[in-house]
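Here's my_file_34.txt, which has compact mmCIF, C-alpha atoms:
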```
# COMPACT_ATOMS: atom_id res chain seq x y z
CA MET A 1 78.74 217.30 64.72
CA LYS A 2 80.87 216.73 67.81
CA LYS A 3 79.52 216.06 71.28
CA ILE A 4 81.54 216.84 74.38
CA SER A 5 80.22 215.75 77.77
CA VAL A 6 81.02 217.91 80.80
CA ARG A 7 80.85 215.25 83.53
CA LEU A 8 79.99 216.65 86.95
CA PRO A 9 79.06 214.80 90.15
CA HIS A 10 75.41 215.86 89.97
CA LYS A 11 74.81 215.88 86.20
CA THR A 12 76.39 215.59 82.77
CA VAL A 13 76.08 218.59 80.45
CA PRO A 14 76.17 217.76 76.72
CA VAL A 15 77.86 220.32 74.46
CA ILE A 16 76.99 219.83 70.79
CA ILE A 17 79.39 221.56 68.39
CA GLY A 18 78.77 222.05 64.69
CA GLY A 19 75.03 221.42 64.70
CA PRO A 20 72.95 223.26 62.11
CA ILE A 21 70.42 225.81 63.33
CA ASN A 22 67.53 223.93 61.73
CA LYS A 23 68.20 220.89 63.94
CA PHE A 24 68.38 222.83 67.21
CA ALA A 25 64.71 222.47 68.17
CA ALA A 26 64.83 218.70 67.71
CA ALA A 27 68.02 218.45 69.81
CA PHE A 28 66.41 220.69 72.43
CA ALA A 29 63.23 218.59 72.60
CA LYS A 30 65.25 215.38 72.96
CA ALA A 31 67.57 216.69 75.69
CA VAL A 32 65.15 218.90 77.61
CA PRO A 33 61.50 217.81 77.37
CA ALA A 34 59.29 220.84 77.99
CA ARG A 35 56.01 222.30 76.76
CA LYS A 36 56.86 225.95 77.30
CA ILE A 37 60.14 227.84 77.00
CA LEU A 38 61.15 231.47 77.29
CA ALA A 39 63.85 232.59 74.88
CA VAL A 40 65.94 235.41 76.34
CA THR A 41 67.67 237.37 73.59
CA ASN A 42 68.35 240.86 72.29
CA PRO A 43 66.27 242.63 69.62
CA LEU A 44 68.81 242.11 66.82
CA ILE A 45 69.09 238.35 67.36
CA ARG A 46 65.33 238.02 67.48
CA ARG A 47 64.95 239.94 64.21
CA MET A 48 67.55 237.74 62.54
CA TYR A 49 66.55 234.33 63.87
CA GLY A 50 63.24 234.67 65.74
CA ALA A 51 60.86 233.57 62.99
CA ARG A 52 63.07 230.63 62.06
CA MET A 53 63.31 229.54 65.70
CA ALA A 54 59.59 229.93 66.35
CA LYS A 55 58.72 227.80 63.32
CA SER A 56 61.09 224.98 64.28
CA PHE A 57 59.94 224.93 67.91
CA ARG A 58 56.27 224.86 66.85
CA ALA A 59 57.08 221.85 64.68
CA ALA A 60 58.62 220.20 67.77
CA GLY A 61 55.43 220.89 69.78
CA ILE A 62 57.00 223.50 72.06
CA ASP A 63 55.40 226.83 72.97
CA LEU A 64 58.05 229.54 72.56
CA ALA A 65 57.76 232.95 74.27
CA TRP A 66 60.28 235.78 74.11
CA ALA A 67 62.00 238.15 76.52
CA GLU A 68 64.09 240.86 74.86
CA ILE A 69 66.96 242.63 76.62
CA PRO A 70 68.83 245.53 75.02
CA ALA A 71 72.28 244.50 73.78
CA GLY A 72 75.42 245.46 75.66
CA GLU A 73 77.22 244.98 78.96
CA LYS A 74 75.59 248.10 80.44
CA HIS A 75 72.27 246.25 80.45
CA LYS A 76 73.65 243.24 82.32
CA ASN A 77 72.08 244.24 85.61
CA LEU A 78 69.30 243.43 88.05
CA ARG A 79 66.85 245.72 86.26
CA SER A 80 67.13 243.54 83.16
CA ILE A 81 66.71 240.39 85.25
CA GLU A 82 63.46 241.80 86.67
CA ARG A 83 62.23 242.25 83.09
CA VAL A 84 62.93 238.59 82.39
CA TYR A 85 61.09 237.55 85.57
CA SER A 86 58.05 239.63 84.59
CA ARG A 87 58.01 238.26 81.06
CA ALA A 88 58.31 234.69 82.37
CA VAL A 89 55.35 235.11 84.70
CA ALA A 90 53.28 236.82 82.01
CA ALA A 91 54.05 233.98 79.58
CA GLY A 92 52.83 231.39 82.08
CA LEU A 93 56.11 229.65 82.82
CA ASP A 94 56.21 227.22 85.74
CA ARG A 95 58.85 225.05 87.38
CA ASP A 96 58.71 222.55 84.49
CA SER A 97 59.43 225.24 81.92
CA VAL A 98 62.81 226.07 80.41
CA ILE A 99 64.69 229.29 79.71
CA LEU A 100 66.67 229.45 76.47
CA ALA A 101 69.70 231.76 76.31
CA LEU A 102 69.88 232.78 72.64
CA GLY A 103 72.68 235.28 72.25
CA GLY A 104 76.18 236.16 73.35
CA GLY A 105 77.81 236.16 76.74
CA VAL A 106 75.67 238.94 78.22
CA VAL A 107 72.45 237.14 77.29
CA GLY A 108 73.81 233.80 78.50
CA ASP A 109 74.89 235.19 81.87
CA MET A 110 71.56 236.92 82.47
CA ALA A 111 69.35 234.09 81.21
CA GLY A 112 71.26 231.61 83.37
CA PHE A 113 70.97 233.85 86.42
CA ALA A 114 67.25 234.26 85.82
CA ALA A 115 66.87 230.47 85.52
CA ALA A 116 68.86 229.91 88.72
CA THR A 117 66.58 232.20 90.71
CA LEU A 118 63.13 232.09 89.04
CA PHE A 119 60.82 229.78 91.01
CA ARG A 120 63.95 228.88 93.04
CA GLY A 121 65.52 227.36 89.94
CA ILE A 122 64.30 226.07 86.57
CA ARG A 123 66.15 224.43 83.70
CA TYR A 124 67.91 226.39 80.98
CA VAL A 125 69.73 225.82 77.70
CA GLN A 126 72.60 227.79 76.15
CA ALA A 127 72.53 228.51 72.42
CA PRO A 128 75.49 230.91 71.98
CA THR A 129 75.44 233.12 68.91
CA THR A 130 78.86 234.79 69.31
CA LEU A 131 82.32 233.29 69.08
CA LEU A 132 83.14 234.54 72.59
CA ALA A 133 80.14 232.77 74.10
CA MET A 134 80.81 229.60 72.10
CA VAL A 135 84.37 229.17 73.34
CA ASP A 136 83.91 230.36 76.89
CA SER A 137 80.89 231.74 78.71
CA SER A 138 78.27 229.21 77.55
CA VAL A 139 80.18 226.33 79.17
CA GLY A 140 80.86 225.96 82.88
CA GLY A 141 77.75 227.21 84.64
CA LYS A 142 78.90 230.66 85.76
CA VAL A 143 75.94 233.04 85.52
CA GLY A 144 75.36 236.50 86.92
CA VAL A 145 75.03 240.23 86.51
CA ASP A 146 77.11 243.33 87.15
CA LEU A 147 76.64 245.73 90.04
CA LYS A 148 77.67 249.36 90.00
CA GLU A 149 80.64 248.31 92.17
CA GLY A 150 82.02 245.86 89.63
CA LYS A 151 81.57 243.11 87.04
CA ASN A 152 79.81 239.80 87.84
CA LEU A 153 79.49 240.55 91.55
CA ALA A 154 76.00 238.99 91.79
CA GLY A 155 75.76 235.49 90.41
CA ALA A 156 75.67 231.74 90.85
CA PHE A 157 77.08 228.47 89.61
CA TYR A 158 74.16 226.95 87.69
CA GLN A 159 74.63 224.40 84.94
CA PRO A 160 72.61 224.31 81.71
CA GLU A 161 70.88 221.17 80.49
CA LEU A 162 72.40 221.54 77.02
CA VAL A 163 74.83 223.78 75.14
CA TYR A 164 74.19 223.88 71.39
CA VAL A 165 76.92 225.52 69.31
CA SER A 166 76.09 226.22 65.68
CA GLY A 167 78.81 227.77 63.58
CA GLU A 168 76.11 229.15 61.27
CA PHE A 169 75.66 232.03 63.71
CA LEU A 170 79.22 233.14 62.95
CA ASN A 171 78.26 233.88 59.35
CA THR A 172 76.37 236.98 60.45
CA LEU A 173 78.82 238.25 63.07
CA PRO A 174 80.60 241.55 62.35
CA PRO A 175 84.42 241.38 62.30
CA ARG A 176 84.77 243.03 65.72
CA GLU A 177 82.67 240.27 67.29
CA ILE A 178 84.98 237.66 65.78
CA LYS A 179 87.94 239.50 67.33
CA ASN A 180 86.03 239.60 70.61
CA GLY A 181 86.07 235.80 70.69
CA LEU A 182 89.69 235.53 69.57
CA GLY A 183 90.85 237.16 72.81
CA GLU A 184 89.48 234.23 74.85
CA ILE A 185 90.78 231.72 72.31
CA VAL A 186 94.33 233.03 72.71
CA LYS A 187 93.86 232.81 76.48
CA TYR A 188 93.12 229.08 76.25
CA ALA A 189 96.03 228.52 73.89
CA VAL A 190 98.52 230.25 76.20
CA ILE A 191 97.50 228.51 79.44
CA SER A 192 96.59 225.01 78.31
CA ASP A 193 96.91 224.17 74.62
CA GLY A 194 100.25 224.60 72.86
CA LYS A 195 98.92 222.85 69.75
CA LEU A 196 96.10 225.34 69.47
CA PHE A 197 98.61 228.18 69.86
CA GLU A 198 100.70 226.79 66.99
CA TYR A 199 97.58 226.38 64.85
CA LEU A 200 96.66 230.02 65.44
CA GLU A 201 100.22 231.11 64.61
CA LYS A 202 100.44 229.14 61.36
CA THR A 203 96.91 229.46 60.00
CA PRO A 204 95.59 232.67 58.41
CA PRO A 205 92.42 233.79 60.27
CA SER A 206 90.44 233.57 57.01
CA GLU A 207 91.20 229.83 56.96
CA PHE A 208 90.35 229.00 60.58
CA LYS A 209 88.19 225.93 60.99
CA TRP A 210 85.89 227.29 63.65
CA ASP A 211 84.42 223.98 64.79
CA PHE A 212 87.96 222.76 65.48
CA VAL A 213 88.92 225.93 67.37
CA VAL A 214 85.72 225.91 69.43
CA GLU A 215 86.14 222.23 70.24
CA ARG A 216 89.71 222.74 71.52
CA CYS A 217 88.57 225.56 73.79
CA VAL A 218 85.51 223.71 75.08
CA ARG A 219 87.55 220.59 75.85
CA ALA A 220 90.08 222.72 77.73
CA LYS A 221 87.38 224.41 79.77
CA ALA A 222 85.44 221.20 80.40
CA ALA A 223 88.56 219.52 81.80
CA VAL A 224 88.97 222.34 84.32
CA VAL A 225 85.29 222.62 85.27
CA GLU A 226 85.04 218.86 85.87
CA LYS A 227 87.80 219.15 88.50
CA ASP A 228 86.59 222.32 90.20
CA GLU A 229 83.01 223.21 89.29
CA TYR A 230 82.46 225.71 92.11
CA GLU A 231 85.94 227.24 92.08
CA THR A 232 86.65 226.02 95.61
CA LYS A 233 89.83 224.04 94.91
CA GLY A 234 91.82 226.75 93.16
CA ILE A 235 91.92 224.81 89.88
CA ARG A 236 89.22 226.74 88.03
CA GLU A 237 90.99 230.01 88.70
CA ILE A 238 93.28 229.18 85.78
CA LEU A 239 90.41 230.29 83.53
CA ASN A 240 90.77 233.80 84.95
CA PHE A 241 94.12 234.24 83.21
CA GLY A 242 94.15 237.64 81.52
CA HIS A 243 91.00 238.68 83.35
CA THR A 244 92.57 240.48 86.31
CA TYR A 245 93.71 243.21 83.95
CA ALA A 246 90.74 242.76 81.59
CA HIS A 247 88.03 243.29 84.19
CA ALA A 248 89.89 246.28 85.62
CA LEU A 249 90.23 247.76 82.12
CA GLU A 250 86.54 247.26 81.36
CA LYS A 251 85.56 248.90 84.64
CA ALA A 252 87.95 251.83 84.10
CA ALA A 253 86.52 252.27 80.59
CA SER A 254 82.93 252.18 81.92
CA TYR A 255 82.30 249.17 79.62
CA LYS A 256 82.29 251.48 76.59
CA ALA A 257 85.71 251.94 74.98
CA VAL A 258 86.71 248.28 74.83
CA SER A 259 84.89 244.95 74.41
CA HIS A 260 85.41 242.04 76.77
CA GLY A 261 87.46 240.04 74.28
CA GLU A 262 89.64 243.03 73.45
CA ALA A 263 90.18 243.62 77.17
CA VAL A 264 91.12 239.95 77.61
CA ALA A 265 93.62 240.19 74.75
CA ALA A 266 95.31 243.17 76.41
CA GLY A 267 95.12 241.33 79.74
CA VAL A 268 96.76 238.22 78.31
CA LEU A 269 99.76 240.26 77.17
CA LYS A 270 100.01 242.26 80.42
CA GLU A 271 99.90 239.11 82.49
CA CYS A 272 102.47 237.44 80.21
CA ILE A 273 104.79 240.38 80.93
CA LEU A 274 104.03 239.89 84.62
CA ALA A 275 104.88 236.19 84.20
CA GLU A 276 108.26 237.14 82.74
CA ARG A 277 109.12 238.88 85.99
CA LEU A 278 107.53 236.43 88.41
CA CYS A 279 107.98 232.96 86.92
CA GLY A 280 110.46 233.23 84.05
CA PHE A 281 108.02 233.08 81.11
CA LYS A 282 110.01 233.50 77.89
CA GLU A 283 107.37 233.56 75.15
CA THR A 284 105.89 237.06 75.49
CA ARG A 285 107.11 238.06 72.04
CA ARG A 286 105.24 235.13 70.44
CA VAL A 287 102.09 236.09 72.29
CA ARG A 288 102.43 239.74 71.26
CA ASN A 289 103.02 238.76 67.63
CA LEU A 290 100.00 236.44 67.60
CA LEU A 291 97.72 239.10 69.07
CA ALA A 292 98.97 241.59 66.48
CA ALA A 293 98.44 239.09 63.64
CA LEU A 294 94.86 238.58 64.82
CA GLY A 295 94.26 242.32 64.95
CA LEU A 296 93.80 242.31 68.71
CA PRO A 297 94.79 245.19 71.00
CA THR A 298 97.75 244.91 73.33
CA GLU A 299 97.23 248.18 75.21
CA ALA A 300 94.39 250.03 76.87
CA PRO A 301 92.79 252.77 74.75
CA GLU A 302 94.47 256.15 75.18
CA SER A 303 91.25 257.44 76.71
CA VAL A 304 91.68 255.10 79.70
CA SER A 305 94.41 255.96 82.20
CA ARG A 306 96.73 253.30 83.58
CA ARG A 307 96.12 254.69 87.04
CA ALA A 308 92.37 254.07 86.72
CA VAL A 309 92.98 250.49 85.58
CA ALA A 310 95.38 249.83 88.46
CA ALA A 311 92.86 251.25 90.94
CA ALA A 312 90.13 248.96 89.60
CA VAL A 313 92.30 245.91 90.31
CA SER A 314 91.70 246.52 94.02
CA ARG A 315 88.11 245.31 93.62
CA ASP A 316 88.98 242.03 91.90
CA LYS A 317 87.02 238.99 93.15
CA LYS A 318 90.22 236.91 93.35
CA ILE A 319 91.63 239.01 96.18
CA ARG A 320 92.08 237.17 99.47
CA GLY A 321 93.27 239.41 102.27
CA LYS A 322 96.13 241.46 100.83
CA ASN A 323 96.95 239.04 98.01
CA ILE A 324 95.46 238.29 94.61
CA ARG A 325 95.38 234.72 93.31
CA LEU A 326 96.71 234.25 89.77
CA TYR A 327 97.65 231.60 87.27
CA LEU A 328 100.48 232.80 85.06
CA PRO A 329 102.09 230.99 82.11
CA SER A 330 105.43 229.29 82.65
CA SER A 331 105.53 228.23 78.99
CA ILE A 332 103.06 228.12 76.10
CA GLY A 333 100.36 225.63 77.09
CA ARG A 334 101.30 225.48 80.77
CA ALA A 335 100.50 227.74 83.74
CA VAL A 336 101.44 227.90 87.41
CA PHE A 337 99.54 229.22 90.42
CA MET A 338 100.85 232.24 92.32
CA GLU A 339 99.73 234.66 94.99
CA VAL A 340 100.85 238.25 94.50
CA SER A 341 100.26 241.19 96.81
CA VAL A 342 97.56 243.55 95.54
CA ASP A 343 99.86 246.55 95.97
CA ASP A 344 102.60 244.85 93.96
CA ILE A 345 100.38 243.91 91.04
CA ARG A 346 98.79 247.37 90.96
CA GLU A 347 102.24 248.92 90.70
CA LYS A 348 103.36 246.53 87.98
CA LEU A 349 100.19 246.87 85.91
CA ALA A 350 100.42 250.65 86.15
CA ALA A 351 104.04 250.50 84.98
CA PHE A 352 103.53 248.62 81.70
```
The structure given in the file should be rewritten as structure tokens.
Amino acid sequence: MKKISVRLPHKTVPVIIGGPINKFAAAFAKAVPARKILAVTNPLIRRMYGARMAKSFRAAGIDLAWAEIPAGEKHKNLRSIERVYSRAVAAGLDRDSVILALGGGVVGDMAGFAAATLFRGIRYVQAPTTLLAMVDSSVGGKVGVDLKEGKNLAGAFYQPELVYVSGEFLNTLPPREIKNGLGEIVKYAVISDGKLFEYLEKTPPSEFKWDFVVERCVRAKAAVVEKDEYETKGIREILNFGHTYAHALEKAASYKAVSHGEAVAAGVLKECILAERLCGFKETRRVRNLLAALGLPTEAPESVSRRAVAAAVSRDKKIRGKNIRLYLPSSIGRAVFMEVSVDDIREKLAAF
């Protein structure tokens, strides 16, 4: 097992990587003493792991209740949060209780948002079960839900007490969910980790050492979050690389035709092409070849029009006035900050 500490001014968040599932309850009890917890998950995850989790938490002397949310981005909304609130109250949670996010990024975002707002804030723990959540959304403290106007428009910065990453969960993931995580992994490699990029290029996906890959991504994200937890200094915006296009694509596709990781993969390539024109990036072909080797998309589905994607960019959270704030790669493993007019980027994204 590896332990990475995300050191923030107000707390240190331990991230345990490579821990077995059967040791999670003991690690939880040691890091977050509590008598009652509410596990927020989806029905499939509960069917697969619920009995095993309940048994281990009983052995640790912890009362475990459940709140189930249907799987999928379309359920990441305030209606689902209200269901979590109601289940928490019915289960007898109080301000000393803990919420456990047991699932992928959607579950983690919603469970964290519920924890940030229930009783004006209670503790929570992230136990990501998807590759995407392991390498990205479970670390950093961004939580929230979607509104009909756009993705993640209601949310908070709220740090977990513990992040527990067990690679055992990957054994039951379908291939598309692995690809979903690979989109974010390539993002980290392009903007901050040339060695990881080379590893991905040279290693067949069937031989990936997932604990190593997850650790590289978590260390990259932790280094950024430690410098700019609340995204007020402009540093954390580097983590949005690929997401300007990705979020617009997801919105234009009504969160149906493309997964988040697939959208990020397409966004990484689009923004690399943009970097060619704006800051002289010369490695787009390598990025395209890597995405293809990993079986990741490089274009929007034919059912989604470029015009609709370009229009959705206008509602991006990174817009300030008439400009959008971007980090674009100048070389593999290095990125530079730029401000680009919204009209200009809409035209360019619609063109390629």
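Shortest separation to Leu131 in chain A among A:Leu153, A:Ile62, A:Cys217, A:Ala308 occurs at residue A:Cys217, atoms counted being all atoms listed in the file.
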Pick out the residues sitting within 9 Å of Phe113 in chain A, and hand them over as a PDB file with C-alpha atoms, in the frame of the given file; count all atoms listed in the file, and ignore anything fewer than 4 positions along from it in its own chain.
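Result file selection_28.pdb:
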```
ATOM      1  CA  ILE A  81      66.710 240.390  85.250  1.00  0.00           C
ATOM      2  CA  GLY A 108      73.810 233.800  78.500  1.00  0.00           C
ATOM      3  CA  ASP A 109      74.890 235.190  81.870  1.00  0.00           C
ATOM      4  CA  THR A 117      66.580 232.200  90.710  1.00  0.00           C
ATOM      5  CA  LEU A 118      63.130 232.090  89.040  1.00  0.00           C
ATOM      6  CA  LYS A 142      78.900 230.660  85.760  1.00  0.00           C
ATOM      7  CA  VAL A 143      75.940 233.040  85.520  1.00  0.00           C
ATOM      8  CA  GLY A 144      75.360 236.500  86.920  1.00  0.00           C
ATOM      9  CA  VAL A 145      75.030 240.230  86.510  1.00  0.00           C
ATOM     10  CA  ALA A 154      76.000 238.990  91.790  1.00  0.00           C
ATOM     11  CA  GLY A 155      75.760 235.490  90.410  1.00  0.00           C
ATOM     12  CA  ALA A 156      75.670 231.740  90.850  1.00  0.00           C
ATOM     13  CA  PHE A 157      77.080 228.470  89.610  1.00  0.00           C
ATOM     14  CA  TYR A 158      74.160 226.950  87.690  1.00  0.00           C
TER      15      TYR A 158
END
```
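Taking CA of Val264 in chain A and CA of Pro297 in chain A as the two end points, the separation is 9.2 Å.
Proximity of A:Val84, A:Val287, A:Leu162, A:Ala252 to Lys270 in chain A, computed with only C-alpha atoms, is greatest for A:Val287.
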Please identify all polymer residues within 9 Å of Cys279 in chain A, counting all atoms listed in the file, omitting same-chain residues fewer than 4 positions from it, and present them as a PyMOL selection string. chain A and resi 274-275+328-330+336+338
Those same residues, written as a PDB file, in the frame of the given file with C-alpha atoms?
```pdb
ATOM      1  CA  LEU A 274     104.030 239.890  84.620  1.00  0.00           C
ATOM      2  CA  ALA A 275     104.880 236.190  84.200  1.00  0.00           C
ATOM      3  CA  LEU A 328     100.480 232.800  85.060  1.00  0.00           C
ATOM      4  CA  PRO A 329     102.090 230.990  82.110  1.00  0.00           C
ATOM      5  CA  SER A 330     105.430 229.290  82.650  1.00  0.00           C
ATOM      6  CA  VAL A 336     101.440 227.900  87.410  1.00  0.00           C
ATOM      7  CA  MET A 338     100.850 232.240  92.320  1.00  0.00           C
TER       8      MET A 338
END
```
Given the point (74.6, 246.2, 81.2) in the file's coordinates, find the residues that have an atom at most 10 Å from it, counting all atoms listed in the file, and give them as a PDB file with C-alpha atoms, in the coordinates of the input.
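The file below, out.pdb, is the result:
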```pdb
ATOM      1  CA  ILE A  69      66.960 242.630  76.620  1.00  0.00           C
ATOM      2  CA  PRO A  70      68.830 245.530  75.020  1.00  0.00           C
ATOM      3  CA  ALA A  71      72.280 244.500  73.780  1.00  0.00           C
ATOM      4  CA  GLY A  72      75.420 245.460  75.660  1.00  0.00           C
ATOM      5  CA  GLU A  73      77.220 244.980  78.960  1.00  0.00           C
ATOM      6  CA  LYS A  74      75.590 248.100  80.440  1.00  0.00           C
ATOM      7  CA  HIS A  75      72.270 246.250  80.450  1.00  0.00           C
ATOM      8  CA  LYS A  76      73.650 243.240  82.320  1.00  0.00           C
ATOM      9  CA  ASN A  77      72.080 244.240  85.610  1.00  0.00           C
ATOM     10  CA  LEU A  78      69.300 243.430  88.050  1.00  0.00           C
ATOM     11  CA  ARG A  79      66.850 245.720  86.260  1.00  0.00           C
ATOM     12  CA  SER A  80      67.130 243.540  83.160  1.00  0.00           C
ATOM     13  CA  VAL A 106      75.670 238.940  78.220  1.00  0.00           C
ATOM     14  CA  MET A 110      71.560 236.920  82.470  1.00  0.00           C
ATOM     15  CA  VAL A 145      75.030 240.230  86.510  1.00  0.00           C
ATOM     16  CA  ASP A 146      77.110 243.330  87.150  1.00  0.00           C
ATOM     17  CA  LEU A 147      76.640 245.730  90.040  1.00  0.00           C
ATOM     18  CA  LYS A 148      77.670 249.360  90.000  1.00  0.00           C
ATOM     19  CA  LYS A 151      81.570 243.110  87.040  1.00  0.00           C
ATOM     20  CA  TYR A 255      82.300 249.170  79.620  1.00  0.00           C
TER      21      TYR A 255
END
```
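The shortest atom-to-atom distance to Asn22 in chain A, with all atoms listed in the file taken into account, belongs to A:Ala60 out of A:Ala60, A:Leu8, A:Ala88, A:Ala39.
Each of A:Asp136, A:Glu276, A:Glu82, A:Glu161 was checked against Tyr124 in chain A using only C-alpha atoms; the smallest atom-to-atom distance is that of A:Glu161.
Distances here use only C-alpha atoms; by that measure, the residue among A:Leu93, A:Glu229, A:Ile122, A:Ile191 closest to Lys11 in chain A is A:Glu229.
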Using all atoms listed in the file, determine which residues lie at most 12 Å from Gly183 in chain A, disregarding the query and same-chain residues fewer than 5 positions distant; provide the list as a PDB file with C-alpha atoms, in the frame of the given file.
```pdb
ATOM      1  CA  LEU A 131      82.320 233.290  69.080  1.00  0.00           C
ATOM      2  CA  LEU A 132      83.140 234.540  72.590  1.00  0.00           C
ATOM      3  CA  ALA A 133      80.140 232.770  74.100  1.00  0.00           C
ATOM      4  CA  VAL A 135      84.370 229.170  73.340  1.00  0.00           C
ATOM      5  CA  ASP A 136      83.910 230.360  76.890  1.00  0.00           C
ATOM      6  CA  ARG A 176      84.770 243.030  65.720  1.00  0.00           C
ATOM      7  CA  GLU A 177      82.670 240.270  67.290  1.00  0.00           C
ATOM      8  CA  ILE A 178      84.980 237.660  65.780  1.00  0.00           C
ATOM      9  CA  TYR A 188      93.120 229.080  76.250  1.00  0.00           C
ATOM     10  CA  ALA A 189      96.030 228.520  73.890  1.00  0.00           C
ATOM     11  CA  VAL A 190      98.520 230.250  76.200  1.00  0.00           C
ATOM     12  CA  LEU A 200      96.660 230.020  65.440  1.00  0.00           C
ATOM     13  CA  CYS A 217      88.570 225.560  73.790  1.00  0.00           C
ATOM     14  CA  PHE A 241      94.120 234.240  83.210  1.00  0.00           C
ATOM     15  CA  GLY A 242      94.150 237.640  81.520  1.00  0.00           C
ATOM     16  CA  HIS A 243      91.000 238.680  83.350  1.00  0.00           C
ATOM     17  CA  ALA A 246      90.740 242.760  81.590  1.00  0.00           C
ATOM     18  CA  SER A 259      84.890 244.950  74.410  1.00  0.00           C
ATOM     19  CA  HIS A 260      85.410 242.040  76.770  1.00  0.00           C
ATOM     20  CA  GLY A 261      87.460 240.040  74.280  1.00  0.00           C
ATOM     21  CA  GLU A 262      89.640 243.030  73.450  1.00  0.00           C
ATOM     22  CA  ALA A 263      90.180 243.620  77.170  1.00  0.00           C
ATOM     23  CA  VAL A 264      91.120 239.950  77.610  1.00  0.00           C
ATOM     24  CA  ALA A 265      93.620 240.190  74.750  1.00  0.00           C
ATOM     25  CA  ALA A 266      95.310 243.170  76.410  1.00  0.00           C
ATOM     26  CA  GLY A 267      95.120 241.330  79.740  1.00  0.00           C
ATOM     27  CA  VAL A 268      96.760 238.220  78.310  1.00  0.00           C
ATOM     28  CA  LEU A 269      99.760 240.260  77.170  1.00  0.00           C
ATOM     29  CA  VAL A 287     102.090 236.090  72.290  1.00  0.00           C
ATOM     30  CA  ARG A 288     102.430 239.740  71.260  1.00  0.00           C
ATOM     31  CA  LEU A 290     100.000 236.440  67.600  1.00  0.00           C
ATOM     32  CA  LEU A 291      97.720 239.100  69.070  1.00  0.00           C
ATOM     33  CA  ALA A 292      98.970 241.590  66.480  1.00  0.00           C
ATOM     34  CA  LEU A 294      94.860 238.580  64.820  1.00  0.00           C
ATOM     35  CA  GLY A 295      94.260 242.320  64.950  1.00  0.00           C
ATOM     36  CA  LEU A 296      93.800 242.310  68.710  1.00  0.00           C
ATOM     37  CA  PRO A 297      94.790 245.190  71.000  1.00  0.00           C
ATOM     38  CA  THR A 298      97.750 244.910  73.330  1.00  0.00           C
TER      39      THR A 298
END
```
I need every residue sitting at most 12 Å from the point (83.1, 222.9, 75.8) (coordinates as in the file, all atoms listed in the file considered), written as a PyMOL selection string. chain A and resi 2-7+13-18+126+128+133-141+162-165+188+211-226
Excluding range 40-53 of chain A and residues on its chain fewer than 2 positions from it, collect all residues at most 10 Å away from it, counting all atoms listed in the file, and give them as a PyMOL selection string. chain A and resi 21-22+24-25+37-38+55-59+64-72+84+87-88+99-104+106-108+110-112+114+129+169+172
For CA of Ala311 in chain A and CA of Cys272 in chain A, quote the distance in Å rounded to one decimal. 20.0 Å
If we count all atoms listed in the file, what is near Ala253 in chain A at a cut-off of 12 Å, once residues fewer than 3 positions away on the same chain are taken out, given as a ChimeraX atom specification? /A:73-74,150,246-250,256-260,263,300-309,312
What is the distance between CA of Asn323 in chain A and CA of Phe281 in chain A, in Å to one decimal? 21.1 Å
